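Asker: One file is attached below, target-v7.cif, containing mmCIF, C-alpha atoms and all ligand atoms.
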data_start
#
loop_
_atom_site.label_atom_id
_atom_site.label_comp_id
_atom_site.auth_asym_id
_atom_site.auth_seq_id
_atom_site.Cartn_x
_atom_site.Cartn_y
_atom_site.Cartn_z
CA MET A 3 0.00 0.00 0.00
CA ILE A 4 2.77 2.43 1.01
CA TYR A 5 4.59 1.42 -2.17
CA LEU A 6 1.52 2.21 -4.32
CA VAL A 7 1.00 5.64 -2.70
CA ASP A 8 4.65 6.40 -3.18
CA ARG A 9 4.50 5.42 -6.88
CA LEU A 10 1.34 7.53 -7.39
CA ARG A 11 3.02 10.51 -5.74
CA LEU A 12 6.04 10.07 -7.97
CA LEU A 13 3.84 9.75 -11.07
CA SER A 14 1.88 12.91 -10.27
CA LYS A 15 5.14 14.77 -9.56
CA LEU A 16 6.57 13.72 -12.92
CA THR A 17 3.32 14.58 -14.74
CA GLY A 18 3.32 18.03 -13.13
CA TRP A 19 6.96 18.49 -14.10
CA ALA A 20 6.28 17.36 -17.68
CA LEU A 21 3.28 19.68 -18.00
CA LEU A 22 5.38 22.58 -16.77
CA LYS A 23 8.66 21.86 -18.54
CA LEU A 24 7.63 20.23 -21.84
CA PRO A 25 5.88 23.29 -23.30
CA LEU A 26 8.97 25.35 -22.37
CA SER A 27 11.31 22.79 -23.97
CA LEU A 28 9.13 22.63 -27.08
CA LEU A 29 9.06 26.41 -27.21
CA SER A 30 12.85 26.62 -26.99
CA ILE A 31 13.17 24.00 -29.78
CA VAL A 32 10.75 26.01 -31.95
CA VAL A 33 12.68 29.24 -31.22
CA TRP A 34 16.00 27.49 -32.03
CA LEU A 35 14.61 26.08 -35.29
CA GLY A 36 13.17 29.51 -36.14
CA LYS A 37 16.57 31.15 -35.63
CA LYS A 38 18.29 28.51 -37.79
CA LEU A 39 15.68 28.96 -40.51
CA GLN A 40 16.03 32.74 -40.33
CA GLY A 41 19.85 32.40 -40.63
CA LEU A 42 19.43 30.11 -43.63
CA LEU A 43 16.99 32.49 -45.32
CA VAL A 44 19.30 35.47 -44.71
CA PHE A 45 22.20 33.44 -46.20
CA LEU A 46 20.13 32.42 -49.25
CA GLY A 47 19.03 36.04 -49.70
CA LEU A 48 22.68 37.17 -49.59
CA LEU A 49 23.67 34.53 -52.16
CA ILE A 50 20.94 35.63 -54.59
CA TRP A 51 21.88 39.32 -54.13
CA ASP A 52 25.55 38.38 -54.52
CA PHE A 53 24.91 36.49 -57.74
CA GLY A 54 23.19 39.60 -59.14
CA LEU A 55 26.15 41.79 -58.14
CA SER A 56 28.62 39.31 -59.66
CA LEU A 57 26.71 39.20 -62.95
CA SER A 58 26.51 42.96 -63.09
CA ASN A 59 30.28 43.16 -62.41
CA VAL A 60 30.87 41.06 -65.53
CA VAL A 61 29.00 43.47 -67.81
CA THR A 62 30.01 46.82 -66.30
CA PRO A 63 33.46 48.43 -66.74
CA ARG A 64 35.86 48.27 -63.81
CA LEU A 65 36.44 51.44 -61.77
CA LYS A 66 39.31 53.57 -63.04
CA LYS A 67 42.60 53.38 -61.15
CA GLY A 68 42.72 56.12 -58.53
CA SER A 69 38.94 56.31 -58.17
CA VAL A 70 38.06 53.22 -56.14
CA VAL A 71 37.53 54.99 -52.81
CA LYS A 72 34.52 57.30 -52.97
CA GLU A 73 34.64 61.01 -52.19
CA GLY A 74 34.30 61.72 -48.47
CA LYS A 75 35.68 58.30 -47.47
CA ALA A 76 39.04 57.57 -45.86
CA GLY A 77 41.49 56.84 -48.68
CA TYR A 78 39.79 59.11 -51.27
CA LYS A 79 42.40 60.08 -53.89
CA ARG A 80 44.73 57.60 -52.16
CA ILE A 81 45.06 59.82 -49.08
CA TRP A 82 44.76 57.64 -45.97
CA PRO A 83 44.29 58.78 -42.38
CA GLU A 84 47.53 58.99 -40.43
CA PHE A 85 49.23 55.72 -39.47
CA ILE A 86 49.79 55.56 -35.71
CA GLN A 87 51.52 52.49 -34.32
CA ARG A 88 49.52 50.52 -31.77
CA GLN A 89 49.69 51.99 -28.27
CA PRO A 90 49.92 50.00 -25.04
CA GLY A 91 46.45 48.73 -24.20
CA ASP A 92 45.22 48.76 -27.81
CA SER A 93 43.54 45.58 -28.95
CA ARG A 94 44.98 43.87 -32.03
CA SER A 95 44.30 40.65 -33.95
CA PRO A 96 46.32 38.01 -35.84
CA CYS A 97 45.00 39.63 -39.04
CA PRO A 98 47.35 42.10 -40.75
CA GLY A 99 44.46 43.55 -42.81
CA LEU A 100 42.28 44.44 -39.82
CA ASN A 101 45.26 45.65 -37.74
CA ALA A 102 46.28 47.97 -40.58
CA LEU A 103 42.74 49.40 -40.71
CA ALA A 104 42.90 50.08 -36.94
CA ASN A 105 46.41 51.58 -37.20
CA HIS A 106 45.01 54.09 -39.73
CA GLY A 107 41.89 54.82 -37.68
CA ILE A 108 39.54 53.33 -40.30
CA LEU A 109 38.53 50.87 -37.58
CA PRO A 110 38.69 52.27 -34.01
CA ARG A 111 42.35 52.88 -33.19
CA ASP A 112 42.07 51.06 -29.86
CA GLY A 113 40.66 48.03 -31.70
CA ARG A 114 37.76 47.74 -29.24
CA ASN A 115 33.96 47.57 -29.40
CA ILE A 116 33.82 47.07 -33.15
CA THR A 117 30.28 46.51 -34.39
CA LYS A 118 29.29 44.55 -37.47
CA GLU A 119 28.37 47.83 -39.17
CA MET A 120 31.84 49.30 -38.46
CA PHE A 121 33.52 46.24 -40.01
CA GLN A 122 31.19 46.38 -43.02
CA LYS A 123 31.73 50.08 -43.66
CA ALA A 124 35.53 49.82 -43.27
CA LEU A 125 35.87 46.87 -45.66
CA GLU A 126 33.46 48.31 -48.24
CA ASP A 127 34.94 51.84 -48.19
CA ALA A 128 38.65 51.04 -47.97
CA PHE A 129 38.96 47.77 -49.91
CA ASN A 130 35.86 47.77 -52.15
CA PHE A 131 34.28 44.63 -50.69
CA SER A 132 30.68 44.11 -51.81
CA PRO A 133 27.94 44.62 -49.20
CA THR A 134 27.10 40.92 -49.57
CA LEU A 135 30.65 39.77 -48.71
CA THR A 136 30.91 42.10 -45.71
CA ARG A 137 27.51 41.01 -44.36
CA ASN A 138 28.32 37.35 -44.82
CA THR A 139 31.74 37.82 -43.17
CA THR A 140 30.39 39.67 -40.14
CA ASN A 141 27.52 37.16 -39.73
CA THR A 142 30.12 34.35 -39.80
CA VAL A 143 32.29 36.14 -37.22
CA GLU A 144 29.27 36.59 -34.95
CA ALA A 145 28.35 32.91 -35.29
CA LEU A 146 31.94 31.74 -34.64
CA TYR A 147 32.84 34.02 -31.71
CA GLY A 148 29.40 34.48 -30.19
CA HIS A 149 29.48 38.30 -30.08
CA SER A 150 28.18 40.89 -32.52
CA VAL A 151 30.53 43.52 -31.04
CA ILE A 152 34.15 42.45 -30.76
CA ASP A 153 37.60 43.61 -29.73
CA LEU A 154 40.27 42.66 -32.28
CA GLU A 155 42.00 40.41 -29.71
CA HIS A 156 38.94 38.12 -29.68
CA LEU A 157 40.13 36.92 -33.11
CA CYS A 158 43.30 35.52 -31.45
CA CYS A 159 41.25 32.68 -29.97
CA HIS A 160 43.13 29.59 -31.15
CA ASN A 161 41.54 27.11 -33.53
CA ILE A 162 38.53 29.17 -34.54
CA ILE A 163 39.91 31.14 -37.49
CA GLU A 164 43.41 31.56 -36.01
CA HIS A 165 45.24 28.31 -36.74
CA ASP A 166 48.63 26.62 -36.78
CA GLY A 167 50.77 26.86 -39.90
CA SER A 168 50.01 30.53 -40.69
CA LEU A 169 52.04 32.43 -43.26
CA THR A 170 52.72 35.46 -41.05
CA ARG A 171 52.64 34.21 -37.45
CA ARG A 172 54.51 31.49 -35.58
CA ASP A 173 52.20 28.86 -34.09
CA ALA A 174 50.51 29.77 -30.82
CA TRP A 175 52.56 27.02 -29.11
CA PHE A 176 55.78 28.98 -29.86
CA GLU A 177 54.31 32.54 -29.79
CA PRO A 178 51.22 32.88 -27.59
CA ASN A 179 50.83 36.52 -28.67
CA GLN A 180 49.30 36.01 -32.12
CA THR A 181 49.15 39.75 -32.84
CA ILE A 182 52.91 39.76 -33.51
CA PRO A 183 53.98 39.32 -37.14
CA ASP A 184 57.02 37.08 -37.67
CA ARG A 185 59.60 38.78 -39.91
CA HIS A 186 61.28 35.52 -41.00
CA LEU A 187 58.01 33.91 -42.09
CA ILE A 188 57.01 37.08 -43.92
CA GLU A 189 60.38 37.19 -45.68
CA ASP A 190 59.95 33.53 -46.73
CA LEU A 191 56.52 34.37 -48.10
CA LEU A 192 57.75 37.41 -50.03
CA ASN A 193 60.71 35.41 -51.39
CA SER A 194 58.29 32.78 -52.69
CA ALA A 195 56.86 35.26 -55.23
CA SER A 196 57.12 33.87 -58.74
CA GLY A 197 55.08 36.62 -60.43
CA PRO A 198 57.43 38.64 -62.67
CA VAL A 199 58.75 42.13 -62.00
CA SER A 200 56.83 44.76 -63.98
CA ALA A 201 56.02 48.48 -63.80
CA GLU A 202 53.02 47.61 -61.64
CA HIS A 203 54.99 45.15 -59.47
CA PRO A 204 58.53 46.55 -59.14
CA GLU A 205 59.54 43.70 -56.80
CA GLY A 206 57.37 41.02 -58.44
CA HIS A 207 54.15 39.53 -57.12
CA ILE A 208 52.89 36.50 -55.23
CA THR A 209 50.55 34.28 -57.27
CA PRO A 210 47.74 32.02 -55.99
CA MET A 211 49.99 29.03 -56.78
CA ASP A 212 52.78 30.53 -54.63
CA LEU A 213 50.28 30.87 -51.78
CA SER A 214 49.18 27.23 -52.07
CA ARG A 215 52.80 26.09 -52.08
CA GLN A 216 53.72 28.26 -49.07
CA LEU A 217 50.71 27.01 -47.11
CA SER A 218 51.64 23.40 -47.91
CA LEU A 219 55.18 24.03 -46.65
CA ARG A 220 54.03 25.89 -43.53
CA PHE A 221 51.63 23.07 -42.59
CA ALA A 222 54.41 20.50 -43.10
CA HIS A 223 56.93 22.46 -40.98
CA SER A 224 54.40 23.11 -38.22
CA LYS A 225 53.39 19.46 -38.17
CA LYS A 226 57.04 18.47 -37.76
CA GLU A 227 58.04 21.06 -35.16
CA ASN A 228 54.94 21.85 -33.14
CA PRO A 229 54.17 19.10 -30.60
CA VAL A 230 50.50 20.21 -30.41
CA PHE A 231 50.01 20.91 -34.12
CA SER A 232 46.41 20.63 -35.28
CA ILE A 233 44.46 21.90 -38.24
CA SER A 234 40.89 21.07 -39.23
CA THR A 235 39.45 21.11 -42.74
CA SER A 236 37.57 24.34 -42.01
CA GLN A 237 40.76 25.99 -40.71
CA LYS A 238 42.57 24.91 -43.89
CA PHE A 239 39.84 26.68 -45.80
CA PHE A 240 40.19 29.80 -43.60
CA ALA A 241 43.94 29.71 -44.35
CA ALA A 242 43.21 29.65 -48.08
CA SER A 243 40.59 32.41 -47.66
CA ASN A 244 43.01 34.71 -45.81
CA SER A 245 45.57 34.06 -48.52
CA SER A 246 43.01 34.88 -51.19
CA LEU A 247 42.46 38.31 -49.52
CA LEU A 248 46.20 38.86 -49.45
CA TYR A 249 46.27 38.15 -53.18
CA GLU A 250 43.14 40.08 -54.16
CA VAL A 251 43.28 43.20 -51.98
CA PHE A 252 47.00 43.81 -52.57
CA HIS A 253 47.29 41.97 -55.89
CA GLY A 254 50.03 39.89 -54.24
CA ASP A 255 52.36 42.87 -54.78
CA VAL A 256 55.62 42.17 -52.93
CA ALA A 257 56.50 45.83 -52.22
CA THR A 258 53.03 46.58 -50.84
CA LEU A 259 52.91 43.38 -48.80
CA ARG A 260 56.32 44.05 -47.24
CA THR A 261 54.83 47.16 -45.61
CA VAL A 262 51.38 45.75 -44.88
CA LEU A 263 52.56 42.49 -43.33
CA ASN A 264 55.56 43.78 -41.35
CA GLU A 265 54.29 47.18 -40.24
CA GLU A 266 50.53 46.67 -40.57
CA ARG A 267 50.46 49.95 -42.46
CA LEU A 268 49.00 50.91 -45.85
CA PRO A 269 51.86 52.22 -48.01
CA GLU A 270 51.85 55.74 -49.48
CA ASN A 271 49.50 56.01 -52.45
CA PHE A 272 47.93 52.64 -51.72
CA GLU A 273 44.78 51.63 -53.54
CA THR A 274 43.14 48.21 -53.45
CA SER A 275 43.38 46.22 -56.65
CA LEU A 276 39.68 45.24 -56.28
CA ARG A 277 38.07 47.51 -58.88
CA THR A 278 34.78 45.84 -59.86
CA ARG A 279 31.88 48.28 -59.80
CA ASN A 280 29.79 46.39 -57.23
CA GLY A 281 32.76 45.32 -55.15
CA TYR A 282 34.41 42.01 -54.39
CA THR A 283 31.65 39.45 -54.05
CA ILE A 284 31.16 36.23 -52.06
CA LEU A 285 31.35 34.40 -55.39
CA ASP A 286 34.74 35.96 -56.35
CA PHE A 287 36.09 35.33 -52.86
CA THR A 288 34.91 31.72 -52.73
CA LEU A 289 36.29 30.86 -56.17
CA ARG A 290 39.73 32.30 -55.35
CA SER A 291 39.78 30.58 -51.95
CA ILE A 292 38.88 27.24 -53.56
CA GLU A 293 41.65 27.71 -56.16
CA ILE A 294 44.23 28.25 -53.40
CA ALA A 295 42.82 25.47 -51.18
CA LEU A 296 42.93 22.94 -54.04
CA GLY A 297 46.61 23.70 -54.59
CA VAL A 298 47.52 22.84 -50.98
CA HIS A 299 49.14 19.37 -50.78
CA THR A 300 50.74 17.25 -48.10
CA VAL A 301 54.50 17.80 -48.21
CA LYS A 302 56.94 15.29 -46.69
CA LEU A 303 59.97 16.97 -45.08
C1 LIG A 401 36.09 40.90 -40.73
C2 LIG A 401 37.02 40.49 -41.57
C3 LIG A 401 38.22 39.66 -41.19
C4 LIG A 401 38.40 38.76 -40.17
C5 LIG A 401 37.40 38.36 -39.12
C6 LIG A 401 39.74 38.25 -40.27
C7 LIG A 401 40.31 37.34 -39.40
C8 LIG A 401 41.58 36.84 -39.50
C9 LIG A 401 42.21 35.93 -38.57
C10 LIG A 401 41.57 35.40 -37.29
C11 LIG A 401 43.44 35.64 -39.03
C12 LIG A 401 44.47 34.70 -38.40
C13 LIG A 401 44.53 33.41 -39.18
C14 LIG A 401 45.79 32.64 -38.94
O1 LIG A 401 45.95 32.07 -37.86
O2 LIG A 401 46.64 32.59 -39.84
C15 LIG A 401 43.61 36.38 -40.24
C16 LIG A 401 44.75 36.36 -41.00
C17 LIG A 401 44.91 37.07 -42.12
N1 LIG A 401 44.00 37.94 -42.69
FE1 LIG A 401 42.24 38.46 -41.97
N2 LIG A 401 40.35 38.83 -41.34
C18 LIG A 401 39.46 39.71 -41.92
C19 LIG A 401 39.69 40.53 -42.99
C20 LIG A 401 40.85 40.57 -43.69
C21 LIG A 401 41.14 41.48 -44.74
C22 LIG A 401 40.21 42.58 -45.22
C23 LIG A 401 42.36 41.16 -45.22
C24 LIG A 401 43.12 41.79 -46.31
C25 LIG A 401 43.09 43.06 -46.54
C26 LIG A 401 42.84 40.04 -44.46
C27 LIG A 401 44.04 39.40 -44.65
C28 LIG A 401 44.58 38.47 -43.81
C29 LIG A 401 45.90 37.90 -43.98
C30 LIG A 401 46.88 38.22 -45.08
C31 LIG A 401 46.11 37.02 -42.92
C32 LIG A 401 47.39 36.26 -42.59
C33 LIG A 401 47.24 34.80 -42.95
C34 LIG A 401 48.42 34.00 -42.44
O3 LIG A 401 49.23 34.47 -41.65
O4 LIG A 401 48.49 32.83 -42.88
N3 LIG A 401 41.90 39.70 -43.53
N4 LIG A 401 42.46 37.11 -40.52
#
Write the structure described by the file as structure tokens, please.
Ligand code: HEM
Answerer:
Amino acid sequence: MIYLVDRLRLLSKLTGWALLKLPLSLLSIVVWLGKKLQGLLVFLGLLIWDFGLSLSNVVTPRLKKGSVVKEGKAGYKRIWPEFIQRQPGDSRSPCPGLNALANHGILPRDGRNITKEMFQKALEDAFNFSPTLTRNTTNTVEALYGHSVIDLEHLCCHNIIEHDGSLTRRDAWFEPNQTIPDRHLIEDLLNSASGPVSAEHPEGHITPMDLSRQLSLRFAHSKKENPVFSISTSQKFFAASNSSLLYEVFHGDVATLRTVLNEERLPENFETSLRTRNGYTILDFTLRSIEIALGVHTVKL
């Protein structure tokens, strides 16, 4: 009898709990699914918009040299805001491109409290990224790091985008401060340039194939030397994507990259080599990143 009463009490307790909790759990599942669906729809919308921009880029003439940055924006007529080296307490990232933008005050100079809109505006105005690429990039950053407002140092978090085997930084195992560029690695990268010297590239230029080869070598060296080396497929793709920006924004130009990568500064008279009328699209970026990623092979040392 006591056993039966006890079981009934337990059953009613569980029923009460289920009636209270289940609707809440179901609601949170519905909210979660709704958010995923919304994210997917936003992504699909961006892809359709991006395809339109890419098509229109094919049929419209490229912007004239010297006129990529619009009037009223930082970098108009190739005049950039003053370069000021990072000050103690400033926040910086493992990304030479974003650090350079902060060093010129195009992103906040202290590298802190950067909103998605600030990133979008800086990349669109200074480097001629399309609005679709900047939105997709900032949405990805928010999803990966869990904040919509970030300090540049958040990007140092190991094994999200920051990875072992980088072209400009020693692995986190050897250099925990990933904001510091490594001069030897950068010199190796610049020396790998096989693109010929020309009026446009007085010291030659790095090609996508050079970038694939350098990444292959860096991964092999890191694997051999770093006792905690790791790299996932998505990080390999991030590595190729960062390299594709290095190639596209600076046209792989050795002289420009020497300044950008070592000093995180835009050289005098700099202008991005991205000159399509609607900006550099997700499609352009993805195709270039795939090209570089496909050229990365396992190298035995
Ligand atoms: C919101 C946009 C961006 C984010 C979140 C971002 C993030 C990062 C991160 C986390 C790294 C470190 C990866 C590693 O461990 O090697 C990196 C590297 C790099 N990024 Fe960016 N980046 C952005 C935009 C740019 C832009 C606009 C450029 C070019 C102008 C650029 C060029 C590079 C280069 C050249 C590297 C060095 C790659 C290496 O050392 O292997 N990035 N970026």
Asker: Residues contacting ligand LIG 401 (chain A) - anything with an atom at most 6 Å away, using all atoms listed in the file - can you give me those as a PyMOL selection string?
Answerer: chain A and resi 96-100+121+139-140+143+157+163-165+168-171+241+244-245+247-248+251
Asker: Write out, as a Markdown table, each residue of range 114-200 of chain A that has an atom at most 7 Å from range 270-290 of chain A, together with the closest pair of atoms and their distance in Å to one decimal, counting all atoms listed in the file, rows going by chain and rising number.
Answerer:
| residue | atom | partner | partner_atom | distance |
| --- | --- | --- | --- | --- |
| A:Phe129 | CA | A:Thr274 | CA | 5.5 |
| A:Asn130 | CA | A:Gly281 | CA | 5.0 |
| A:Phe131 | CA | A:Tyr282 | CA | 4.5 |
| A:Ser132 | CA | A:Gly281 | CA | 4.1 |
| A:Thr134 | CA | A:Thr283 | CA | 6.6 |
| A:Leu135 | CA | A:Ile284 | CA | 4.9 |
Asker: Just to confirm, what's the straight-line distance from CA of Leu43 in chain A to CA of Thr142 in chain A in Å (one decimal)?
Answerer: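 Atom-to-atom, CA of Leu43 in chain A and CA of Thr142 in chain A are spaced 14.4 Å apart.
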Asker: Quote the spacing between CA of Ser95 in chain A and CA of Arg111 in chain A in Å to one decimal place.
Answerer: 12.4 Å
Asker: Residues at most 9 Å from Ile162 in chain A, counting all atoms listed in the file, excluding those fewer than 3 positions away in the same chain, as a PyMOL selection string?
Answerer: chain A and resi 146-147+157-159+165+236-237
Asker: How far is it from CA of Asp190 in chain A to CA of Lys226 in chain A, in Å with one decimal?
Answerer: 17.8 Å
Asker: (41.9, 59.6, -53.9) in this file's frame - what residues fall within 9 Å of it? Use only C-alpha atoms and give the answer as a list in words.
Answerer: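 Looking at atoms near the point gives Gly68, Ser69, Val70, Val71, Lys72, Glu73, Ala76, Gly77, Tyr78, Lys79, Arg80, Ile81, Trp82, Asn271 and Glu273 of chain A.
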Asker: Have a look at A:His186, A:Asn101, A:Gly197, A:His223 and name the one nearest to Glu266 in chain A; count all atoms listed in the file.
Answerer: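 The shortest atom-to-atom distance to Glu266 in chain A comes from A:Asn101.
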